[in-house]
Every structure is written in structure tokens, then in C-alpha cells.
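Undergrad: Dropping in structure-v1.txt, which is compact mmCIF, C-alpha atoms:
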# COMPACT_ATOMS: atom_id res chain seq x y z
CA MET A 173 102.82 41.13 207.60
CA LYS A 174 103.00 43.46 204.62
CA LEU A 175 100.17 44.75 202.42
CA TYR A 176 100.35 45.84 198.78
CA PRO A 177 97.67 47.39 196.53
CA ILE A 178 97.39 45.48 193.26
CA GLU A 179 95.75 47.43 190.45
CA SER A 180 94.26 44.94 188.00
CA GLY A 181 92.72 47.47 185.59
CA ASN A 182 90.16 50.23 185.28
CA PHE A 183 86.82 50.30 183.53
CA LYS A 184 83.55 52.25 183.46
CA LEU A 185 80.00 51.44 184.53
CA ASP A 186 76.66 53.18 184.15
CA GLY A 187 76.31 55.68 186.99
CA GLY A 188 72.59 55.07 187.35
CA ALA A 189 73.15 51.33 187.79
CA MET A 190 75.88 52.04 190.34
CA PHE A 191 73.62 54.24 192.47
CA GLY A 192 70.20 52.65 192.08
CA VAL A 193 67.36 54.99 193.04
CA VAL A 194 69.64 57.94 193.90
CA PRO A 195 69.16 60.80 191.37
CA LYS A 196 72.04 61.67 189.07
CA THR A 197 71.99 65.28 190.28
CA ILE A 198 73.19 63.92 193.64
CA TRP A 199 75.61 61.10 192.78
CA ASN A 200 77.21 63.07 189.93
CA LYS A 201 78.78 65.39 192.53
CA THR A 202 80.96 62.62 193.94
CA ASN A 203 81.21 60.29 190.93
CA PRO A 204 81.01 62.50 187.82
CA ALA A 205 79.73 60.79 184.68
CA ASP A 206 80.97 61.19 181.12
CA GLN A 207 78.77 61.95 178.11
CA ASN A 208 77.59 58.33 178.09
CA ASN A 209 76.57 58.41 181.76
CA LEU A 210 79.55 56.19 182.66
CA ILE A 211 81.63 56.64 185.81
CA ASP A 212 85.22 55.63 186.53
CA ILE A 213 85.64 52.28 188.26
CA ALA A 214 88.77 50.57 189.59
CA ALA A 215 89.49 46.90 190.17
CA ARG A 216 91.91 47.38 193.05
CA CYS A 217 92.99 44.10 194.61
CA LEU A 218 95.02 43.54 197.77
CA LEU A 219 98.10 41.38 198.29
CA ILE A 220 98.92 40.17 201.79
CA GLU A 221 102.43 38.92 202.56
CA ASP A 222 102.07 36.93 205.77
CA GLY A 223 105.01 34.72 206.62
CA ASN A 224 105.46 32.28 203.75
CA ARG A 225 102.02 33.00 202.30
CA LEU A 226 101.17 35.48 199.56
CA ILE A 227 97.41 35.99 199.58
CA LEU A 228 95.73 37.88 196.74
CA ILE A 229 92.23 39.22 197.43
CA ASP A 230 90.19 39.35 194.19
CA THR A 231 91.66 39.33 190.69
CA GLY A 232 89.69 41.80 188.56
CA MET A 233 88.22 41.03 185.13
CA GLY A 234 91.19 39.25 183.61
CA ASN A 235 91.87 39.45 179.88
CA LYS A 236 90.33 36.34 178.32
CA GLN A 237 86.89 37.72 177.37
CA SER A 238 86.04 38.89 173.86
CA GLU A 239 86.61 42.35 172.48
CA LYS A 240 82.82 42.76 172.34
CA PHE A 241 82.54 41.87 176.03
CA PHE A 242 85.20 44.37 177.11
CA GLY A 243 83.61 46.97 174.84
CA TYR A 244 80.65 47.11 177.21
CA TYR A 245 82.95 48.26 180.03
CA SER A 246 85.12 50.93 178.36
CA LEU A 247 88.47 49.75 179.71
CA TRP A 248 90.95 52.55 180.40
CA GLY A 249 94.43 52.96 181.84
CA THR A 250 97.45 50.65 181.72
CA HIS A 251 97.15 48.70 184.99
CA SER A 252 97.40 44.92 185.13
CA ILE A 253 97.93 42.33 187.84
CA ASP A 254 101.28 41.29 186.38
CA LYS A 255 102.58 44.87 186.27
CA SER A 256 101.38 45.57 189.81
CA LEU A 257 102.92 42.39 191.19
CA ALA A 258 106.20 43.14 189.41
CA ASN A 259 106.26 46.63 190.94
CA PHE A 260 106.59 44.95 194.34
CA GLY A 261 108.99 42.25 193.20
CA PHE A 262 106.46 39.43 192.84
CA HIS A 263 105.22 37.12 190.08
CA ARG A 264 101.84 35.43 189.80
CA ASP A 265 103.53 32.05 190.38
CA ASP A 266 104.52 33.29 193.86
CA ILE A 267 100.87 33.58 194.95
CA THR A 268 99.93 30.87 197.46
CA ASP A 269 96.27 31.78 197.96
CA VAL A 270 93.61 33.63 195.98
CA PHE A 271 90.66 34.78 198.11
CA MET A 272 87.60 35.83 196.13
CA THR A 273 85.09 38.07 197.89
CA HIS A 274 82.52 36.74 195.40
CA LEU A 275 82.45 35.28 191.92
CA HIS A 276 81.10 38.13 189.79
CA PHE A 277 83.29 38.50 186.69
CA ASP A 278 84.91 41.79 187.75
CA HIS A 279 86.15 40.19 190.97
CA CYS A 280 87.30 36.74 189.85
CA GLY A 281 87.84 36.93 186.07
CA GLY A 282 91.59 37.19 186.52
CA SER A 283 91.67 33.89 188.42
CA VAL A 284 91.37 31.93 185.16
CA GLN A 285 93.14 32.41 181.83
CA TRP A 286 93.38 30.82 178.39
CA ASN A 287 95.68 27.82 178.16
CA GLN A 288 98.74 28.18 175.95
CA ASP A 289 97.07 27.29 172.65
CA LYS A 290 93.72 28.93 173.54
CA THR A 291 91.76 25.72 173.28
CA GLY A 292 90.53 25.89 176.86
CA TYR A 293 91.04 27.48 180.25
CA GLU A 294 93.41 27.03 183.16
CA VAL A 295 93.89 28.68 186.52
CA ALA A 296 96.03 31.82 186.28
CA PHE A 297 97.86 31.17 189.58
CA LYS A 298 99.20 27.67 189.22
CA ASN A 299 100.60 27.37 192.75
CA ALA A 300 97.64 28.89 194.61
CA LYS A 301 94.67 27.62 196.53
CA PHE A 302 91.45 29.38 195.46
CA TRP A 303 89.07 30.34 198.27
CA THR A 304 85.33 31.01 198.22
CA ASN A 305 82.57 29.60 200.44
CA GLU A 306 80.21 26.72 199.82
CA ASN A 307 77.00 28.75 199.91
CA HIS A 308 78.29 31.27 197.40
CA TRP A 309 79.76 28.57 195.15
CA GLU A 310 76.33 26.90 194.96
CA TRP A 311 74.73 30.27 194.21
CA ALA A 312 77.25 31.11 191.49
CA THR A 313 77.26 27.74 189.73
CA LYS A 314 73.45 27.61 189.60
CA PRO A 315 72.82 31.32 188.93
CA ASN A 316 69.49 33.10 189.00
CA ALA A 317 68.39 34.96 185.87
CA ARG A 318 69.30 38.35 187.35
CA GLU A 319 72.94 37.45 188.04
CA LYS A 320 73.57 34.94 185.26
CA ALA A 321 75.47 37.48 183.15
CA SER A 322 77.83 38.14 186.08
CA PHE A 323 78.61 34.50 186.90
CA LEU A 324 80.57 33.23 183.89
CA SER A 325 81.30 29.51 183.94
CA GLU A 326 84.73 30.00 182.34
CA ASN A 327 85.70 32.17 185.32
CA ILE A 328 84.51 29.68 187.90
CA LEU A 329 84.54 26.00 186.93
CA PRO A 330 88.27 25.72 186.04
CA MET A 331 89.11 26.40 189.68
CA GLN A 332 87.20 23.30 190.70
CA GLU A 333 88.50 21.25 187.77
CA SER A 334 92.09 22.11 188.75
CA GLY A 335 91.61 20.60 192.21
CA GLN A 336 92.72 23.92 193.74
CA LEU A 337 89.30 25.09 194.99
CA ASN A 338 88.81 25.48 198.76
CA PHE A 339 85.94 26.69 200.92
CA ILE A 340 86.08 29.12 203.83
CA GLN A 341 84.03 27.60 206.64
CA LYS A 342 81.24 29.98 207.66
CA PRO A 343 80.33 30.07 211.36
CA ASN A 344 76.77 30.36 212.67
CA SER A 345 77.20 34.12 212.98
CA ASP A 346 77.88 36.63 210.20
CA PHE A 347 81.46 37.23 211.34
CA LEU A 348 84.29 34.74 211.26
CA MET A 349 86.89 35.92 213.74
CA GLN A 350 89.79 34.15 212.05
CA SER A 351 89.59 32.37 208.73
CA GLU A 352 91.93 29.74 207.32
CA LEU A 353 93.91 32.70 205.91
CA ASN A 354 94.53 34.36 209.28
CA PHE A 355 92.11 37.26 208.89
CA GLY A 356 88.49 37.87 209.85
CA VAL A 357 85.59 37.70 207.40
CA PHE A 358 82.20 39.44 207.41
CA PHE A 359 79.52 37.57 205.45
CA VAL A 360 76.84 39.69 203.77
CA ASP A 361 73.94 38.73 201.50
CA GLY A 362 72.50 41.93 200.05
CA HIS A 363 74.72 42.24 197.00
CA THR A 364 74.89 38.50 196.38
CA GLU A 365 74.73 35.37 198.50
CA LYS A 366 77.48 35.21 201.13
CA MET A 367 79.84 37.84 199.77
CA MET A 368 82.90 37.97 202.03
CA ILE A 369 84.45 41.16 203.42
CA PRO A 370 87.99 40.52 204.76
CA GLN A 371 89.02 42.25 207.99
CA ILE A 372 92.80 42.36 208.35
CA GLN A 373 94.69 43.31 211.51
CA TYR A 374 97.71 45.24 210.32
CA GLN A 375 100.03 46.78 212.92
CA ASP A 376 97.65 48.96 214.98
CA LYS A 377 95.02 49.26 212.24
CA THR A 378 92.02 47.29 211.05
CA ILE A 379 91.88 47.18 207.24
CA CYS A 380 88.58 46.15 205.66
CA PHE A 381 88.47 45.16 202.00
CA MET A 382 85.06 46.52 201.04
CA ALA A 383 84.30 44.68 197.76
CA ASP A 384 80.75 45.63 196.73
CA LEU A 385 79.40 46.47 200.17
CA LEU A 386 80.90 49.94 199.71
CA PRO A 387 82.05 50.30 196.08
CA THR A 388 83.16 53.94 196.28
CA ALA A 389 83.35 56.76 198.81
CA GLY A 390 80.29 58.21 197.09
CA HIS A 391 78.23 55.25 198.35
CA ILE A 392 78.62 56.02 202.06
CA PRO A 393 75.07 57.35 202.73
CA LEU A 394 72.83 54.45 203.70
CA PRO A 395 70.32 54.59 200.79
CA TYR A 396 73.07 54.77 198.16
CA VAL A 397 72.79 51.12 197.14
CA MET A 398 73.76 49.74 193.76
CA GLY A 399 71.13 48.66 191.28
CA TYR A 400 73.22 45.49 190.90
CA ASP A 401 72.38 44.30 194.43
CA THR A 402 70.07 41.29 194.41
CA ARG A 403 68.52 42.12 197.79
CA PRO A 404 68.81 45.90 198.31
CA LEU A 405 66.55 45.88 201.35
CA LEU A 406 68.97 43.44 202.96
CA THR A 407 71.96 45.56 201.96
CA LEU A 408 70.52 48.44 204.02
CA PRO A 409 70.79 46.80 207.48
CA GLU A 410 74.06 45.06 206.58
CA LYS A 411 75.58 48.31 205.45
CA GLU A 412 74.22 50.23 208.45
CA LYS A 413 75.66 47.68 210.88
CA PHE A 414 79.03 47.62 209.19
CA MET A 415 79.38 51.38 208.75
CA ASN A 416 78.55 51.98 212.40
CA LEU A 417 81.23 49.48 213.38
CA ALA A 418 83.66 51.21 211.00
CA ALA A 419 82.95 54.61 212.55
CA ASP A 420 83.11 53.36 216.14
CA ASN A 421 86.34 51.41 215.63
CA ASN A 422 88.10 53.67 213.09
CA TYR A 423 88.35 50.94 210.47
CA TYR A 424 90.40 51.75 207.37
CA LEU A 425 88.16 50.93 204.42
CA PHE A 426 90.04 49.71 201.35
CA LEU A 427 87.90 50.62 198.32
CA GLU A 428 88.11 48.10 195.50
CA HIS A 429 86.06 50.04 192.96
CA ASP A 430 86.81 53.71 193.70
CA ALA A 431 89.20 54.88 190.97
CA HIS A 432 90.12 58.05 192.87
CA ASN A 433 89.89 57.25 196.60
CA GLU A 434 91.96 54.29 197.76
CA ILE A 435 91.37 54.09 201.51
CA ILE A 436 88.94 56.03 203.70
CA THR A 437 87.77 56.31 207.27
CA VAL A 438 84.27 57.34 208.35
CA GLU A 439 82.66 59.05 211.33
CA LYS A 440 79.20 59.50 212.84
CA THR A 441 77.47 62.83 212.23
CA GLU A 442 73.98 64.24 212.65
CA ARG A 443 73.26 63.03 209.11
CA GLY A 444 74.51 59.51 209.80
CA VAL A 445 77.88 57.96 209.01
CA ARG A 446 79.88 60.15 206.65
CA LEU A 447 83.37 60.43 205.17
CA LYS A 448 86.12 61.36 207.62
CA ASP A 449 89.52 61.06 205.94
CA VAL A 450 90.93 59.87 202.60
CA PHE A 451 94.31 58.15 202.31
CA LYS A 452 96.61 56.84 199.63
CA THR A 453 97.55 53.24 200.30
CA ALA A 454 101.19 54.31 200.77
CA GLU A 455 100.08 56.41 203.77
CA VAL A 456 98.50 53.42 205.51
CA PHE A 457 100.65 50.39 204.55
Let me see the file written as C-alpha cells.

TA:
Amino acid sequence: MKLYPIESGNFKLDGGAMFGVVPKTIWNKTNPADQNNLIDIAARCLLIEDGNRLILIDTGMGNKQSEKFFGYYSLWGTHSIDKSLANFGFHRDDITDVFMTHLHFDHCGGSVQWNQDKTGYEVAFKNAKFWTNENHWEWATKPNAREKASFLSENILPMQESGQLNFIQKPNSDFLMQSELNFGVFFVDGHTEKMMIPQIQYQDKTICFMADLLPTAGHIPLPYVMGYDTRPLLTLPEKEKFMNLAADNNYYLFLEHDAHNEIITVEKTERGVRLKDVFKTAEVF
């Protein structure tokens, strides 16, 4: 097995929304805001080469939305999925599986693209199976008013229409030891219904793709929960349970949204679980 970080693009989000009830005087120390109160955000995906499978976890925003839409998110940098794949000698047509932690636009937008004449949409990975879970699919295709702006039909429905949509089968517990893609999956409900956190056994390490359970290293303290979470009081026990496991088992936490910290480990202290070490992906993979 080999792992590759795939940078799909950078953007900015309101720091207050990213940290919920935490005062700016606190979160600004770890995630400094610009003059518009926006903080740097990454859309760092993960490619797993496992035998004859190439599995891409999340796909970023994509590029099919309007200029007005992207204007809300202050895109910056030159990263793209195609450039990142090419850096490692791959092409999007090589991808066999696309695993989406959840179907918010900044995690799955790159799964679908315009067709050639821009009259409709098509899947962006023509040879891939697309993986979500049935509970989350139902949640995303019949969205509540709070999340409706994050679940965009053009990002979601073409996967089903293509016949390439597949569902991860959730067990009775919140942890699936081994999914159809040969890695474990934690299911959490605080951010959105049945978001999936992959747990990958790589050599002697456990790599956890943190999605929106831990967006950045600045979110480690337990109450630092995003304003975007639909059930923040459920995020608290989910996050506490996971972070304690991460500290006890020295998990390597792959941060999807932290533009400046790629992988971290955590440890238990008198103040709770806190940051231990920071790594570049090249130091771990």
C-alpha cells in the first residue's frame, strides 16, 4: 500500500463560523484571520494505492460552480486534483474508487464535472465506483433547511444517474472494522448524518482522515466545534471519544482542512487532549 496527499485547492472561510462559540481572541492565535475575518482552509484529499485499486478520499469543491459561488470562498493558490495526481504519475481515469466522507460541496464537488458541451453534468472519474452510505445519501438528497446550501444536487445526483454509486454497509456499532475498501470507518453524526472517518492501517501506523470531525489543529480542544455542525452537542462526545482513542493509540491524524498542518498526533495532558507533534505528509508516507 502507498499513500499520496492530493491537494485539490485552497479557499477561505469565516473564522467565527469555523470556531462556533469560541472567541476570536482565542482561535485567532492558531488560525489567524485576514481583514475580512477569513481563515485559510485546505481541501487536502488522500489517494490510496492498494494492489490494483486507486482509492481517492474526497474530491474538494471541483470547478463547475459559478464565479459568484466561488467568490464567496476566496479561492487561493494553484492546487488542483489533476496537478496533484500528475505529480505522482496518475490520471483521474486511473481512479477505481472515490470515497466521500460526506456530501457537502467542499468534499464532493470534484466528483462531478460539466459534460463536454456544458449542457449537463457527468461524473469526473469515469472508471470509478463512488462510495457513500445509505443513511447519509438519504440525508443529503432530502436536505434540511440548515444544510441545503451545502448539499448541491449537481454534485450528488449524477453519481446515482451514472450507475456508479455504491453504499458502504454500516454495522450496528459506530465503527466498521473493515469496509469494502479494505480500511476501517468511524461513523459520526454531529457534523452531519453519518459522516465517515476512514482509518487506514499503513505499515506500523494508523492514519485517520479527519474530514470535519477535526478540521484543523486549532480545533483540538473539546469545545472548539464548528458553527457548521448540525448537532454540536453530539459532536462533543464523538470528538471526545475519538480524540482519546487517538491519544491512547498514537493515531496519525490527516487534516483535510488545515492549510498549514498536514498530519498531527495528540497526547493527553492535564488540560485534556492536546497537540503532540506536527508532520509533513512526506515524513509519514

Undergrad: Set out as CSV a contact list for region 271-372 of chain A and region 229-240 of chain A with a cut-off of 6 Å, giving each residue of region 271-372 of chain A that qualifies its closest atom pair and distance in Å to one decimal, counting all atoms listed in the file, ordered by chain and rising residue number.

TA:
residue,atom,partner,partner_atom,distance
A:Phe271,CA,A:Ile229,CA,4.8
A:Met272,CA,A:Asp230,CA,4.8
A:Phe277,CA,A:Met233,CA,5.8
A:Asp278,CA,A:Met233,CA,4.3
A:His279,CA,A:Gly232,CA,4.6
A:Cys280,CA,A:Thr231,CA,5.1
A:Gly281,CA,A:Met233,CA,4.2
A:Gly282,CA,A:Gly234,CA,3.6
A:Ser283,CA,A:Thr231,CA,5.9
A:Gln285,CA,A:Lys236,CA,6.0

Undergrad: Any chance you could tabulate, as a tab-separated table, the residues of region 215-272 of chain A at most 7 Å from region 175-195 of chain A with each one's nearest atom pair and distance in Å to one decimal, using all atoms listed in the file, in chain and rising number order?

TA:
residue	atom	partner	partner_atom	distance
A:Ala215	CA	A:Ser180	CA	5.6
A:Arg216	CA	A:Glu179	CA	4.6
A:Cys217	CA	A:Ile178	CA	4.8
A:Leu218	CA	A:Pro177	CA	4.8
A:Leu219	CA	A:Tyr176	CA	5.0
A:Ile220	CA	A:Leu175	CA	4.8
A:Glu221	CA	A:Leu175	CA	6.3
A:Thr231	CA	A:Ser180	CA	6.7
A:Gly232	CA	A:Ser180	CA	5.6
A:Tyr245	CA	A:Lys184	CA	5.3
A:Ser246	CA	A:Phe183	CA	5.5
A:Leu247	CA	A:Phe183	CA	4.2
A:Trp248	CA	A:Asn182	CA	5.5
A:Gly249	CA	A:Asn182	CA	6.1
A:Thr250	CA	A:Gly181	CA	6.9
A:His251	CA	A:Gly181	CA	4.6
A:Ser252	CA	A:Ser180	CA	4.3
A:Ile253	CA	A:Ser180	CA	4.5
A:Ser256	CA	A:Ile178	CA	5.3
A:Leu257	CA	A:Ile178	CA	6.7

Undergrad: What lies within 10 Å of region 291-296 of chain A using only C-alpha atoms, ignoring chain neighbours under 3 positions off, as a list of chain:residue names?

TA: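 Residues meeting the cut-off are A:Thr231, A:Gly234, A:Lys236, A:Arg264, A:Asp265, A:Gly281, A:Gly282, A:Ser283, A:Val284, A:Gln285, A:Trp286, A:Asn287, A:Gln288, A:Asn299, A:Ala300, A:Phe302, A:Glu326, A:Asn327, A:Ile328, A:Leu329, A:Pro330, A:Met331, A:Gln332, A:Glu333, A:Ser334, A:Gln336.
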
Undergrad: Using the selection just defined, write its residues with C-alpha atoms as a PDB file, in the coordinates of the input.

TA:
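After the write, result34.pdb holds the following:
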ATOM      1  CA  THR A 231      91.660  39.330 190.690  1.00  0.00           C
ATOM      2  CA  GLY A 234      91.190  39.250 183.610  1.00  0.00           C
ATOM      3  CA  LYS A 236      90.330  36.340 178.320  1.00  0.00           C
ATOM      4  CA  ARG A 264     101.840  35.430 189.800  1.00  0.00           C
ATOM      5  CA  ASP A 265     103.530  32.050 190.380  1.00  0.00           C
ATOM      6  CA  GLY A 281      87.840  36.930 186.070  1.00  0.00           C
ATOM      7  CA  GLY A 282      91.590  37.190 186.520  1.00  0.00           C
ATOM      8  CA  SER A 283      91.670  33.890 188.420  1.00  0.00           C
ATOM      9  CA  VAL A 284      91.370  31.930 185.160  1.00  0.00           C
ATOM     10  CA  GLN A 285      93.140  32.410 181.830  1.00  0.00           C
ATOM     11  CA  TRP A 286      93.380  30.820 178.390  1.00  0.00           C
ATOM     12  CA  ASN A 287      95.680  27.820 178.160  1.00  0.00           C
ATOM     13  CA  GLN A 288      98.740  28.180 175.950  1.00  0.00           C
ATOM     14  CA  ASN A 299     100.600  27.370 192.750  1.00  0.00           C
ATOM     15  CA  ALA A 300      97.640  28.890 194.610  1.00  0.00           C
ATOM     16  CA  PHE A 302      91.450  29.380 195.460  1.00  0.00           C
ATOM     17  CA  GLU A 326      84.730  30.000 182.340  1.00  0.00           C
ATOM     18  CA  ASN A 327      85.700  32.170 185.320  1.00  0.00           C
ATOM     19  CA  ILE A 328      84.510  29.680 187.900  1.00  0.00           C
ATOM     20  CA  LEU A 329      84.540  26.000 186.930  1.00  0.00           C
ATOM     21  CA  PRO A 330      88.270  25.720 186.040  1.00  0.00           C
ATOM     22  CA  MET A 331      89.110  26.400 189.680  1.00  0.00           C
ATOM     23  CA  GLN A 332      87.200  23.300 190.700  1.00  0.00           C
ATOM     24  CA  GLU A 333      88.500  21.250 187.770  1.00  0.00           C
ATOM     25  CA  SER A 334      92.090  22.110 188.750  1.00  0.00           C
ATOM     26  CA  GLN A 336      92.720  23.920 193.740  1.00  0.00           C
TER      27      GLN A 336
END

Undergrad: With only C-alpha atoms as the atoms that count, which of A:Thr364, A:Thr202, A:Thr407, A:Ser351 lies nearest to Asn433 (chain A)?

TA: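 Using only C-alpha atoms, the shortest distance to Asn433 (chain A) belongs to A:Thr202.
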
Undergrad: If you measure from CA of Gly362 (chain A) to CA of Leu210 (chain A), what distance in Å do you get, rounded to one decimal?

TA: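 Going from CA of Gly362 (chain A) over to CA of Leu210 (chain A) covers 23.6 Å.
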
Undergrad: Nearest residue to His276 (chain A) out of A:Ala321, A:Ile372, A:Leu406, A:Ala258, using all atoms listed in the file?

TA: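 For His276 (chain A), the nearest of the candidates is A:Ala321.
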
Undergrad: Please indicate the distance in Å from CA of Thr388 (chain A) to CA of Phe260 (chain A), rounded to one decimal place.

TA: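 The value is 25.2 Å.
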
Undergrad: Provide an axis-aligned box for all listed atoms of region 279-296 of chain A, padding each side by 5 Å; report its centre and its edge lengths in Å to one decimal, as lines of an AutoDock Vina configuration file.

TA:
center_x = 92.4
center_y = 33.0
center_z = 181.8
size_x = 22.6
size_y = 24.5
size_z = 28.3

Undergrad: Measure the distance from CA of Ile213 (chain A) to CA of Val357 (chain A) in Å and round it to one decimal.

TA: 24.1 Å

Undergrad: Could you tell me which of A:Thr313, A:Asn416, A:Phe426, A:Val270 comes closest to Ser325 (chain A) if we count all atoms listed in the file?

TA: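 For Ser325 (chain A), the nearest of the given residues is A:Thr313.
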
Undergrad: Can you tell me, as an MDAnalysis selection string, what residues are no more than 7 Å from Lys366 (chain A) when counting all atoms listed in the file, ignoring any on the same chain fewer than 4 positions away?

TA: chainID A and resid 307:308 359:361

Undergrad: Leaving out Met415 (chain A) and any residue of its chain fewer than 2 positions from it, which residues lie within 12 Å of it when counting only C-alpha atoms, given as a ChimeraX atom specification?

TA: /A:380,382,385-386,389,391-394,407-413,417-425,436-440,444-447

Undergrad: Only C-alpha atoms, please: the residues just picked out, written as a tab-separated table (two decimals), in the coordinates of the input.

TA:
chain	number	residue	atom	x	y	z
A	380	CYS	CA	88.58	46.15	205.66
A	382	MET	CA	85.06	46.52	201.04
A	385	LEU	CA	79.40	46.47	200.17
A	386	LEU	CA	80.90	49.94	199.71
A	389	ALA	CA	83.35	56.76	198.81
A	391	HIS	CA	78.23	55.25	198.35
A	392	ILE	CA	78.62	56.02	202.06
A	393	PRO	CA	75.07	57.35	202.73
A	394	LEU	CA	72.83	54.45	203.70
A	407	THR	CA	71.96	45.56	201.96
A	408	LEU	CA	70.52	48.44	204.02
A	409	PRO	CA	70.79	46.80	207.48
A	410	GLU	CA	74.06	45.06	206.58
A	411	LYS	CA	75.58	48.31	205.45
A	412	GLU	CA	74.22	50.23	208.45
A	413	LYS	CA	75.66	47.68	210.88
A	417	LEU	CA	81.23	49.48	213.38
A	418	ALA	CA	83.66	51.21	211.00
A	419	ALA	CA	82.95	54.61	212.55
A	420	ASP	CA	83.11	53.36	216.14
A	421	ASN	CA	86.34	51.41	215.63
A	422	ASN	CA	88.10	53.67	213.09
A	423	TYR	CA	88.35	50.94	210.47
A	424	TYR	CA	90.40	51.75	207.37
A	425	LEU	CA	88.16	50.93	204.42
A	436	ILE	CA	88.94	56.03	203.70
A	437	THR	CA	87.77	56.31	207.27
A	438	VAL	CA	84.27	57.34	208.35
A	439	GLU	CA	82.66	59.05	211.33
A	440	LYS	CA	79.20	59.50	212.84
A	444	GLY	CA	74.51	59.51	209.80
A	445	VAL	CA	77.88	57.96	209.01
A	446	ARG	CA	79.88	60.15	206.65
A	447	LEU	CA	83.37	60.43	205.17
